[in-house]
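A.B. asks: I'd like to ask some things about the structure below.
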Amino acid sequence: MTDASSPAMTWAQYIATLTAEHGSLAAVALKLSLAEGGDADAASIERALRRLRTKEHQDGGQYGRWLLRTFGVPRELEQRAKWMGVYHSRFTDLPVSLCLDQLRLWDRPPFAESRARVWLALGFATCALRRGDLEGATIHLARARGAQGPIAARIEAKLVEAYVQSRKKNPNAASTTLVEVEKVLRDAILPADERACLSARWLDQRAYQRLHPAPPAEADVAGAHALYQRIPTGDVPLFVSCKRESGLAYVQHRLGNVDLAVGHAHNACRHAGDGGFVRLRVAYLGLLAHILGEPRGDEVRARAIRAARALEDEDLLGRVAGSAAP
């Protein structure tokens, strides 16, 4: 039998957790009545909760929504869902089919009726992108926006949205979205490591816009270089170090500084390996192959292609096979 910290949590297990936390089912019913303005009779709510316990993973109806709105889901469960919805976590290092299996396991009541479902929508969006399905990613992003999740989820959704806009060859829309991200990120209260990762991603996407502007504007390589240099070094998450080094590698390549570019690419691969970021390491091997060119980069590219196939990642495979820039 799964417990209430499992993604397979049923209504009965959820209610049992609340009962243990608050002392009795009657106490849960009373607090729910008070939270809803005291209009509903606590005894009637208690009877409804007893019926709700039999629903397994069915729609929880009015009382299920009241419970989730008042008490939320267990914090441990929400944190695990967040791990699946954040691009800079290691969830994306799993093969796409396994990621989808996990997301589908979570995407049912009661969890799927909670505010924390925003992380599932974001996880599905990332899987769609890894499959090269831009329209599918757009649909899941719309679900994420409708979930009204925490500030970190709103920033995550905007960053993914900007990426999709770039992939759809709409740099003006992507730039507008990134300006919105900057405003929200500046005022958001976030843990230091989370802020560092989100900021690095924002700088990386801003640099990409400098390197791939809307015609007839020309690439601003110096501007992109300055943005990558703003990504901090030192005691920062390894994901942040990856973004800085890979960006500098590509910029130095564009400037014609091959030796510097190779050095930064090797650093990016090392940071990705140290952090366990399999997908990033594959991308940076593709970048290294791109910098080395043919025939020097052929063996590196072949390694990257094999790894991308193992991850079932069509988007990554297309980039490393074509030696495209990250």
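Identifiers for the structure tokens are assigned positionally: chains receive A, B, ... in sequence, residues are indexed from 1 per chain, and ligands are indexed from 1 in the order shown.
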Env of stretch 167-172 of chain A: 10 Å cut, atoms = only C-alpha atoms, seq-sep filter 4 positions within chain, self excluded. Answer as a PDB file with N, CA and C atoms, in the first residue's frame.

C.D. replies:
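Contents of out02.pdb, as written:
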ATOM      1  N   LEU A 129       8.989  19.095 -25.906  1.00  0.00           N
ATOM      2  CA  LEU A 129      10.113  19.754 -26.576  1.00  0.00           C
ATOM      3  C   LEU A 129      11.205  18.745 -26.918  1.00  0.00           C
ATOM      4  N   GLY A 132      10.500  17.173 -29.994  1.00  0.00           N
ATOM      5  CA  GLY A 132      10.387  18.071 -31.132  1.00  0.00           C
ATOM      6  C   GLY A 132       8.966  18.515 -31.417  1.00  0.00           C
ATOM      7  N   LEU A 134       6.589  21.133 -30.807  1.00  0.00           N
ATOM      8  CA  LEU A 134       6.410  22.498 -30.320  1.00  0.00           C
ATOM      9  C   LEU A 134       4.953  22.802 -29.990  1.00  0.00           C
ATOM     10  N   GLU A 135       4.032  22.286 -30.780  1.00  0.00           N
ATOM     11  CA  GLU A 135       2.618  22.556 -30.527  1.00  0.00           C
ATOM     12  C   GLU A 135       2.163  21.858 -29.242  1.00  0.00           C
ATOM     13  N   GLU A 161       8.384  29.203 -22.314  1.00  0.00           N
ATOM     14  CA  GLU A 161       7.630  29.879 -23.363  1.00  0.00           C
ATOM     15  C   GLU A 161       8.555  30.660 -24.289  1.00  0.00           C
ATOM     16  N   ALA A 162       9.528  31.359 -23.729  1.00  0.00           N
ATOM     17  CA  ALA A 162      10.481  32.107 -24.551  1.00  0.00           C
ATOM     18  C   ALA A 162      11.290  31.167 -25.440  1.00  0.00           C
ATOM     19  N   TYR A 163      11.651  30.017 -24.889  1.00  0.00           N
ATOM     20  CA  TYR A 163      12.393  29.029 -25.681  1.00  0.00           C
ATOM     21  C   TYR A 163      11.549  28.545 -26.864  1.00  0.00           C
ATOM     22  N   THR A 176      10.287  39.827 -25.794  1.00  0.00           N
ATOM     23  CA  THR A 176       9.258  40.418 -24.936  1.00  0.00           C
ATOM     24  C   THR A 176       9.011  39.554 -23.707  1.00  0.00           C
ATOM     25  N   THR A 177       8.941  38.247 -23.912  1.00  0.00           N
ATOM     26  CA  THR A 177       8.722  37.324 -22.794  1.00  0.00           C
ATOM     27  C   THR A 177       9.882  37.368 -21.817  1.00  0.00           C
ATOM     28  N   LEU A 178      11.101  37.469 -22.321  1.00  0.00           N
ATOM     29  CA  LEU A 178      12.271  37.508 -21.446  1.00  0.00           C
ATOM     30  C   LEU A 178      12.331  38.809 -20.650  1.00  0.00           C
ATOM     31  N   TYR A 208      21.286  34.223 -26.431  1.00  0.00           N
ATOM     32  CA  TYR A 208      20.854  33.581 -27.672  1.00  0.00           C
ATOM     33  C   TYR A 208      20.149  34.595 -28.577  1.00  0.00           C
ATOM     34  N   GLN A 209      19.341  35.468 -27.977  1.00  0.00           N
ATOM     35  CA  GLN A 209      18.655  36.489 -28.769  1.00  0.00           C
ATOM     36  C   GLN A 209      19.651  37.463 -29.404  1.00  0.00           C
ATOM     37  N   ARG A 210      20.721  37.755 -28.692  1.00  0.00           N
ATOM     38  CA  ARG A 210      21.767  38.626 -29.258  1.00  0.00           C
ATOM     39  C   ARG A 210      22.458  37.938 -30.444  1.00  0.00           C
ATOM     40  N   HIS A 212      21.106  35.528 -32.349  1.00  0.00           N
ATOM     41  CA  HIS A 212      20.158  35.160 -33.411  1.00  0.00           C
ATOM     42  C   HIS A 212      19.012  36.181 -33.439  1.00  0.00           C
ATOM     43  N   PRO A 213      19.303  37.433 -33.783  1.00  0.00           N
ATOM     44  CA  PRO A 213      18.266  38.481 -33.769  1.00  0.00           C
ATOM     45  C   PRO A 213      17.336  38.357 -34.969  1.00  0.00           C
ATOM     46  N   ALA A 214      16.225  39.085 -34.874  1.00  0.00           N
ATOM     47  CA  ALA A 214      15.296  39.126 -36.010  1.00  0.00           C
ATOM     48  C   ALA A 214      15.947  39.918 -37.151  1.00  0.00           C
ATOM     49  N   PRO A 215      15.827  39.420 -38.396  1.00  0.00           N
ATOM     50  CA  PRO A 215      16.361  40.169 -39.533  1.00  0.00           C
ATOM     51  C   PRO A 215      15.710  41.553 -39.607  1.00  0.00           C
TER      52      PRO A 215
END

A.B. asks: Using only C-alpha atoms, which protein or nucleic acid residues come within 7 Å of stretch 29-34 of chain A? Drop anything in the same chain fewer than 6 positions from it, and give the result as a ChimeraX atom specification.

C.D. replies: /A:40-42,45-46,67,70

A.B. asks: Could you write out that same residue set with N, CA and C atoms as a short mmCIF file (atom, residue, chain, number, x, y, z; two decimals), in the first residue's frame?

C.D. replies:
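Below is the file selection.cif, written as the result:
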data_model
loop_
_atom_site.label_atom_id
_atom_site.label_comp_id
_atom_site.auth_asym_id
_atom_site.auth_seq_id
_atom_site.Cartn_x
_atom_site.Cartn_y
_atom_site.Cartn_z
N ALA A 40 -20.87 26.00 5.58
CA ALA A 40 -21.15 24.56 5.51
C ALA A 40 -21.07 23.95 6.90
N ASP A 41 -22.01 23.06 7.21
CA ASP A 41 -22.05 22.40 8.51
C ASP A 41 -20.89 21.41 8.61
N ALA A 42 -20.13 21.46 9.72
CA ALA A 42 -18.97 20.60 9.90
C ALA A 42 -19.35 19.12 9.88
N ILE A 45 -19.83 18.09 6.34
CA ILE A 45 -18.53 17.97 5.68
C ILE A 45 -17.86 16.66 6.07
N GLU A 46 -17.93 16.31 7.35
CA GLU A 46 -17.30 15.07 7.80
C GLU A 46 -17.90 13.87 7.07
N LEU A 67 -10.63 20.66 0.15
CA LEU A 67 -9.49 20.11 0.90
C LEU A 67 -8.16 20.60 0.35
N THR A 70 -7.52 24.31 0.88
CA THR A 70 -7.27 24.66 2.28
C THR A 70 -5.95 24.10 2.80
#

A.B. asks: Enter the distance from atom CA of A:Val282 to atom CA of A:Asp313, in Å, rounded to one decimal.

C.D. replies: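 Distance between the two atoms: 10.6 Å.
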
A.B. asks: Which neighbours of A:Glu194 fall inside 12 Å, counting only C-alpha atoms, when residues of the same chain fewer than 2 positions from it are skipped, and could you give them as a list in words?

C.D. replies: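 Residues near the query, excluding close chain neighbours: Lys82, Trp83, Val86, Tyr87, His88, Ser89, Ile151, Ala152, Ala153, Ile155, Glu156, Leu185, Ala188, Ile189, Leu190, Pro191, Ala192, Ala196, Cys197, Leu198, Ser199, Ala200, Arg201, Val236, Pro237, Leu238, Phe239 and Val240 of chain A.
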
A.B. asks: Using atom CA of A:Arg319 and atom CA of A:Gly297 as the two end points, give the distance in Å to one decimal.

C.D. replies: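 These atoms are spaced 14.3 Å apart.
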
A.B. asks: Using only C-alpha atoms, which of the listed residues (A:Ala43, A:Val28, A:Ile291, A:Leu260) sits closest to A:Ile15?

C.D. replies: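 Once distances to A:Ile15 are computed over only C-alpha atoms, the minimum belongs to A:Val28.
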